[in-house]
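A short worksheet on the structure shown next.
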4 protein chains.
Amino acid sequence: MSVTATIDAQSDGAGVLPLAERLWETRRLSLALAKPVSAEDQVVQATDDASPTKWHLAHTTWFFETFVLKPHLAHFRTLDERFAYCFNSYYEAAGPRQPRPKRGLLTRPSLDDVVRYRHHIDTGLETLLKSGVPQRHPPVGALIELGINHEQQHQELILTDLLALFAAQPLRPAYKPSSPALASRGEGAGAVRWLDFAGGIHRVGHDRSAFSYDNECPRHEVLLRDYRLADRLVSNGEWLEFMADGGYASPAHWLSDGWAAVNGRGWIAPAYWEGENGEWRQMTLGGPVPLDLAAPVCHISYFEADAFARWAGKRLPTEFEWEAAANGLPVRGNMLGSGALRPLPATQGGLTDKPTQLFGDVWEWTQSAYSPYPGYRAGPGALGEYNGKFMCGQYVLRGASCVTPEGHTRATYRNFFYPHQRWQFTGIRLADDA
Amino acid sequence: MSVTATIDAQSDGAGVLPLAERLWETRRLSLALAKPVSAEDQVVQATDDASPTKWHLAHTTWFFETFVLKPHLAHFRTLDERFAYCFNSYYEAAGPRQPRPKRGLLTRPSLDDVVRYRHHIDTGLETLLKSGVPQRHPPVGALIELGINHEQQHQELILTDLLALFAAQPLRPAYKPSSPALASRGEGAGAVRWLDFAGGIHRVGHDRSAFSYDNECPRHEVLLRDYRLADRLVSNGEWLEFMADGGYASPAHWLSDGWAAVNGRGWIAPAYWEGENGEWRQMTLGGPVPLDLAAPVCHISYFEADAFARWAGKRLPTEFEWEAAANGLPVRGNMLGSGALRPLPATQGGLTDKPTQLFGDVWEWTQSAYSPYPGYRAGPGALGEYNGKFMCGQYVLRGASCVTPEGHTRATYRNFFYPHQRWQFTGIRLADDA
Amino acid sequence: MSVTATIDAQSDGAGVLPLAERLWETRRLSLALAKPVSAEDQVVQATDDASPTKWHLAHTTWFFETFVLKPHLAHFRTLDERFAYCFNSYYEAAGPRQPRPKRGLLTRPSLDDVVRYRHHIDTGLETLLKSGVPQRHPPVGALIELGINHEQQHQELILTDLLALFAAQPLRPAYKPSSPALASRGEGAGAVRWLDFAGGIHRVGHDRSAFSYDNECPRHEVLLRDYRLADRLVSNGEWLEFMADGGYASPAHWLSDGWAAVNGRGWIAPAYWEGENGEWRQMTLGGPVPLDLAAPVCHISYFEADAFARWAGKRLPTEFEWEAAANGLPVRGNMLGSGALRPLPATQGGLTDKPTQLFGDVWEWTQSAYSPYPGYRAGPGALGEYNGKFMCGQYVLRGASCVTPEGHTRATYRNFFYPHQRWQFTGIRLADDA
Amino acid sequence: MSVTATIDAQSDGAGVLPLAERLWETRRLSLALAKPVSAEDQVVQATDDASPTKWHLAHTTWFFETFVLKPHLAHFRTLDERFAYCFNSYYEAAGPRQPRPKRGLLTRPSLDDVVRYRHHIDTGLETLLKSGVPQRHPPVGALIELGINHEQQHQELILTDLLALFAAQPLRPAYKPSSPALASRGEGAGAVRWLDFAGGIHRVGHDRSAFSYDNECPRHEVLLRDYRLADRLVSNGEWLEFMADGGYASPAHWLSDGWAAVNGRGWIAPAYWEGENGEWRQMTLGGPVPLDLAAPVCHISYFEADAFARWAGKRLPTEFEWEAAANGLPVRGNMLGSGALRPLPATQGGLTDKPTQLFGDVWEWTQSAYSPYPGYRAGPGALGEYNGKFMCGQYVLRGASCVTPEGHTRATYRNFFYPHQRWQFTGIRLADDA
């Protein structure tokens, strides 16, 4: 990707911490997220989609090594040349790599060795920062900024992938005991209110005044029609209604590929739902808990989101309808910092004419296929592979989830997954024509 | 789908034949296309994507039976109730069906029985037309219109699927001997000229003044930026340059899923290309022929189209850029009626400021994911499944191919296939930002 | 394989027809078996295991061409060199070939072309026979003898594979209408009588005094313990008892791989059984018929045979126990010549101390893995691949089935299939220790 | 399996330790084998065939719990009921279980928990032994004996599976540094000498005078022909000759299924061989080492063993030829106790007329399919599943390997694997007819 945001743009904003401070905070947070689980938990790969915690810790480190230190720190010394093979994710231009479905075979290097690797790279980064190069050469600062954002994405993945791992275990362990304060209140979410938005020509995408990913750019104009959005996310209780109405048993509401997925994968409920004697429980990072009817439905595929919307007589929003509605709203909500680690029921918070839960709780599927913006060109070299080569077959999600690190999202942020994937914290907000 | 075009709209146009005439012409053409090949050729299924000729003949007949005669012809008698299971394609609401990859098992009913089945349904259609019902009740006429267009799609498939079958045979037979007049001239296409188009708000989609598919509607406004299109299709000669430059050997230009397809499927050239002693030949409906450097490249996937465009420093057009350029141009070119049965080199024809080859030769991949237009809702019942449920994971192609029946396409026509599929007559026209 | 049987050995026996007569009879029979079905029926491949009728007609012809005419007929001219690729089955030494699961793609050469190919080769064989070479050079005669036996095997396969094809069709056609005389009598088979056999050293295998396959040789001694055999085959009625007792629902009686097959393939009854309202019907070459309780169970895998035997507190015989019991008994029973085309209930026929149904009705699974006899060495060249290279992972079956051509089997004959295969006419005779 | 060997039979032999002593020694050895590797190394599953070390430690413990303590120790208390699901291997009668290919997901219970589990069961076993029950009730003692032998099998698997894990790692770690004393001498093994053995009726199988597995019984007579055996195992140097002669490149010597395996799996050398610049290295438990030409070839499939033998103009021995030759010879060789952890070149040791390397180095493939002995019946209940249900599709191996615990093998011992499996320490001794 082409990284043009400058360090200055980042540090002179209101309340934005200096680069170095954010770097060390990010690096510390990754270790902190890994701390509650054992070396055994950190080495195993739950599914082909997920990666081991240890791998995430090492890969984010390799990223700094490869794209920041090797090209920009004089006299930098690599700890072990073989780590590049182990911890390159998908950058063809950065050389061969351990196949994705085999990341869980890497018992070596050990977790201790990976922590030492992190320390080695942190020392290098410290040297680089002290040299003043990133401050004097904005592109170097921007690479560090990218590394921070990259690591934040993997922080979300650490928790997402640990949930996949724990849900696959007969012993159903908890990452962190579920707080009693989060206990289900046994009642549904309140009635949905529909908020109206005016169409016309809107400007969308990031203006590069601060850090953004290349896939959010260029900023450009789009033409929208008048539309409406639900003020809150679809709840578990509403999902149960869909299920009770034969949602998973009749092809009428499904895309063709979606119906094939339902049957081929045996879906009868969202991922991580477990039925016992007619009662549904949900596997969470706090272990199995009773289903909270008021909380947003989570761990659903695009196929399920789309079928639900059609069943409800509505539709999913486009990514630009979502962005236009989110534009200018404060970026806050139930994210990683809340410590809940699962989506929570909507609370109105007084903004009666604004959508709630836009940021946090769950990533919201949109009906927009993940495509390049007009004028988008992937940058040269390995970093050009960061986003551009995935613009096919996936759908855009907007917002943030309950495990997204604070500071990592914004109204223009584009997340993307394949339509069958359910292991992420994904949900729905309904839309409709005006 | 919701079928609202009326019979009147069709028959009072300039040069448009009456409904009945077009119906019988279409029904005759299907049999005529099947005539050159044997009953053996007509029963076998070449791949999971392709279907047997006999199945196409029967399925199009089942379509008229199910959606026209059963609901609208009094005293209609079904020939064999079991045919519905055999010849329903994918309409869930129309009941269970022979699995798609097993269509080639249907040695029974025999080809003779299928021809009898066609005759039985044709007799019913004749009775219905003579009753005046389609003329008096536009929805019935519109269903017949839909049946005609549906059968035209399968006429293209009959030839497409026969090519797949013949290309899979050690004896490499020809559907129809290749005309000497089509022989390769051994020289490349002329230089590409770039045509400029103005952006702004454009109206796209069909206005339903005549027949169209539901996926072309509603007509709506889109916002385009200034853009440029190549005046002609990419040629085989240009494709050889891409190959010579390591097009299939380096990941740099490929989407991630595309690079996986190249390696997983072992692609080293377009489908149906066969290399011998450094010379490429191409399997066609006329049998194997030397590669015509000036002719449009054909049988390439979206992945290949996209990689080629990136390698060329250009991009694929969006479907609306294509439509805006095609709007108002005459719908003619190398289609089924030419008898060539393969794409031919571009000829200028005097229109020096207009794109050539827009209709005919090959379907043109666009960069647009196949999605519903704003306000689109699939109609109720089985016909609602015609287009809507496939709006996921596929890409839009525009134009027509050398085996598209005349009268079947238009500027608003949206064809769609998965990005890995190559058995269709598919090619590329390059686009660029202004 | 090494072919050492001489022409004389065949022709001077009591009632054994001269070689030429048997050759023409065999060649005619293949066409006669194909006659009731259409060209469409003859081109399609039902499953990876089965082959199209047309392919069988051509492959048996290619066999004579490749191993008899090309090496032994002066001035022999090949009709089409490409047929070798199309119709070689598995002989690596005879060159590349159409992959087995793609035999059904061969719509070309057409059935008419294959009949012409047969005629061309028959003319060559006639010339060769008239030349006197086979009579003067026993190895040449032996090759013709092998070709006859090879074609007989494929005659059985033509019917076996057509049943697979017809059973896979929604229209459930009949190869030949089922005779009323074969109609189910609705009663079970009589009680099993157990026949005692003495152990000790027995001579088994063929002495090469007449034609045999190489896998029946060398004749050698084996040591048996006293044993018992059921006088008749296990019946459908007995199989229903097994099913009613949870035979397919409990792992207790199954081999580990067998239990995996039951679950992975969803077996709940023998192949071609179809349940309707608690009534079982069986698809046969005569179309679907009510289950005949007295008839032998058929179309079961080794896994099912083995599980049934364990459930019954018995075991399967070894191939040598079977051979010792069959030794010297007349080779007759319900084979192809009877025209029944399905297994029939046992009839005693007066031989109260001899096993019935040894030859005909169904091939009998033994507990013997298909292994080479002591001293066996496969012959040189392509013919050495005939049997030897399959001696791994398969089990021996003895006897013959209701579609085995008369004259093709004997007490030493070793048939063999993989333990999961069910499309053959396979059944069980129980054994026990003395 | 039916366990009839008595405790007395074990303890009154010359030099055989008392049951309790052997039990504790065995239990200690498992932990000792796991000690050199980390918790991370112990939790990961290298392939579907292999299991994690931690799983082996727990499963062997579950075996004692399930078959010894639960039925025979009064007041026994289970530590965690859920462990039965986690650590049951394949005993259908013992309830549901973690699917085999998902054993590597079990990060919980932790290694520490598993060690605690072992301690808990050891305490129970100690209580049981002190109660005198095993001494007074031979079947209980026999169950402990079975548990010891079962754990010994898993000790071999711990090392075998760790090699699979380490060989799959980019860092190629060593389980234990390779001893310089084992370094390759760079020269081939000496010439093979052929030893003659007389045929006739031989008694084979175990007489149950001491512990044996049920698959070694009943002892019975077999008829052998005169035969010859190579005095030593086939060496790496000889295998290189096979490879140089196109061993993996020509179908002539291969079984049909073997040739499919060569091509489908891309075999070009034994497992764990790694080529660099024309030099072969071999991954071992001591890490990668240069190929020792004099050492026995190892990690080959049955298919490769069979092809090599045919290429060499010889054959594999039957399991009874091997047993008759080994009968009465001392059970010693390069087994686990030697500490070499890989096969070593043959040393004559003065017994010039006896085969060497019979026990230790590598398990020797025989040409015998793994089938029940005459009169064999699997015992009732879950233990009846120990051996009997695997008697299909596998081949018998005889002897022992370099990682077989001392005391675990004997002349009658039958090991068995599928013909494509290579991850075990498997090799060949050639045989020939007299």
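Please note that chains go A, B, ... in the order of the structure tokens, that every chain numbers its residues from 1, and that ligands are numbered from 1 in the order shown.
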Once you count only C-alpha atoms, which residues of chain A turn out to be within 9 Å of chain B? Could you give them as an MDAnalysis selection string? chainID A and resid 90 92:93 201 221:225 251:258 367:371 374:375 381 385 388:394 419 433
Taking the backbone alone, and naming residues the way the document does, which bits of stretch 159-234 of chain C are strand (DSSP E) by DSSP, as a PyMOL selection string? chain C and resi 194-197+200-204+220-224+227-230
Please identify all polymer residues within 10 Å of stretch 158-161 of chain B, counting only C-alpha atoms, omitting same-chain residues fewer than 5 positions from it, and present them as a ChimeraX atom specification. /B:30,33-34,42,45-47,49-57,152-153,166-167,175,284-285,336,341,403-404,423-425
Assign secondary structure with DSSP using the backbone only, and return the residues of stretch 4-232 of chain B in helix (DSSP H, G or I) as an MDAnalysis selection string. chainID B and resid 7:11 19:34 39:43 53:72 83:87 92:94 100:105 111:131 133:136 138:167 180:182 214:216
With a distance cut-off of 8 Å and only C-alpha atoms, select the neighbouring residues of C:Arg108, excluding the residue or stretch itself and same-chain residues fewer than 4 positions from it, and output the selection as a VMD selection string. chain B and resid 41 169 171 173
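Taking atom CA of B:Arg422 as the reference point, atom CA of B:Tyr248 is found at 15.3 Å.
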Hey, what's within 8 Å of C:Ser178 if we count only C-alpha atoms and toss same-chain stuff fewer than 4 positions away? As a ChimeraX atom specification, please? /C:174,182,285-287,340
Counting only C-alpha atoms, what is within 10 Å of C:His206, bar same-chain residues fewer than 4 positions away, as a ChimeraX atom specification? /C:210-220,410-413
Quick one: write out the picked residues with C-alpha atoms as a CSV table (one decimal), in the first residue's frame?
chain,number,residue,atom,x,y,z
C,210,ALA,CA,-6.6,-75.5,-19.6
C,211,PHE,CA,-7.0,-71.8,-19.6
C,212,SER,CA,-6.7,-70.0,-16.3
C,213,TYR,CA,-5.6,-66.6,-15.2
C,214,ASP,CA,-2.1,-66.2,-13.8
C,215,ASN,CA,-3.5,-65.3,-10.4
C,216,GLU,CA,-4.9,-68.8,-10.0
C,217,CYS,CA,-1.4,-70.2,-10.2
C,218,PRO,CA,0.9,-71.8,-9.3
C,219,ARG,CA,-1.1,-74.7,-8.0
C,220,HIS,CA,0.2,-75.3,-4.5
C,410,ARG,CA,-14.3,-72.6,-12.3
C,411,ALA,CA,-13.4,-73.7,-8.8
C,412,THR,CA,-10.1,-72.0,-8.9
C,413,TYR,CA,-11.3,-68.7,-10.2
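Once A:Arg281 and its same-chain neighbours fewer than 5 positions away are set aside, Tyr272, Trp273, Glu274, Gly275, Glu276, Gly287, Pro288, Val289, Pro290, Leu291 and Asp292 of chain A remain within 10 Å of it when counting only C-alpha atoms.
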Please dump the current selection as an mmCIF file, in the first residue's frame; keep N, CA and C atoms.
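Full text of again.cif as output:
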data_model
loop_
_atom_site.group_PDB
_atom_site.id
_atom_site.type_symbol
_atom_site.label_atom_id
_atom_site.label_comp_id
_atom_site.auth_asym_id
_atom_site.auth_seq_id
_atom_site.Cartn_x
_atom_site.Cartn_y
_atom_site.Cartn_z
ATOM 1 N N TYR A 272 -21.115 -20.592 17.452
ATOM 2 C CA TYR A 272 -20.889 -20.554 18.902
ATOM 3 C C TYR A 272 -22.184 -20.620 19.707
ATOM 4 N N TRP A 273 -23.319 -20.809 19.033
ATOM 5 C CA TRP A 273 -24.542 -21.081 19.786
ATOM 6 C C TRP A 273 -24.605 -22.577 20.061
ATOM 7 N N GLU A 274 -24.987 -22.932 21.272
ATOM 8 C CA GLU A 274 -25.072 -24.335 21.654
ATOM 9 C C GLU A 274 -26.432 -24.592 22.292
ATOM 10 N N GLY A 275 -27.179 -25.521 21.733
ATOM 11 C CA GLY A 275 -28.520 -25.788 22.256
ATOM 12 C C GLY A 275 -28.517 -26.924 23.260
ATOM 13 N N GLU A 276 -29.197 -26.720 24.359
ATOM 14 C CA GLU A 276 -29.365 -27.780 25.358
ATOM 15 C C GLU A 276 -30.804 -27.721 25.845
ATOM 16 N N GLY A 287 -16.480 -17.836 28.475
ATOM 17 C CA GLY A 287 -17.013 -19.191 28.582
ATOM 18 C C GLY A 287 -18.463 -19.219 28.124
ATOM 19 N N PRO A 288 -19.117 -20.359 28.288
ATOM 20 C CA PRO A 288 -20.511 -20.480 27.846
ATOM 21 C C PRO A 288 -21.423 -19.664 28.754
ATOM 22 N N VAL A 289 -22.314 -18.877 28.152
ATOM 23 C CA VAL A 289 -23.265 -18.069 28.930
ATOM 24 C C VAL A 289 -24.644 -18.211 28.290
ATOM 25 N N PRO A 290 -25.698 -17.994 29.086
ATOM 26 C CA PRO A 290 -27.041 -18.023 28.501
ATOM 27 C C PRO A 290 -27.169 -16.926 27.457
ATOM 28 N N LEU A 291 -27.975 -17.171 26.457
ATOM 29 C CA LEU A 291 -28.155 -16.208 25.375
ATOM 30 C C LEU A 291 -28.827 -14.948 25.905
ATOM 31 N N ASP A 292 -28.214 -13.793 25.618
ATOM 32 C CA ASP A 292 -28.787 -12.508 26.036
ATOM 33 C C ASP A 292 -29.673 -12.002 24.893
#
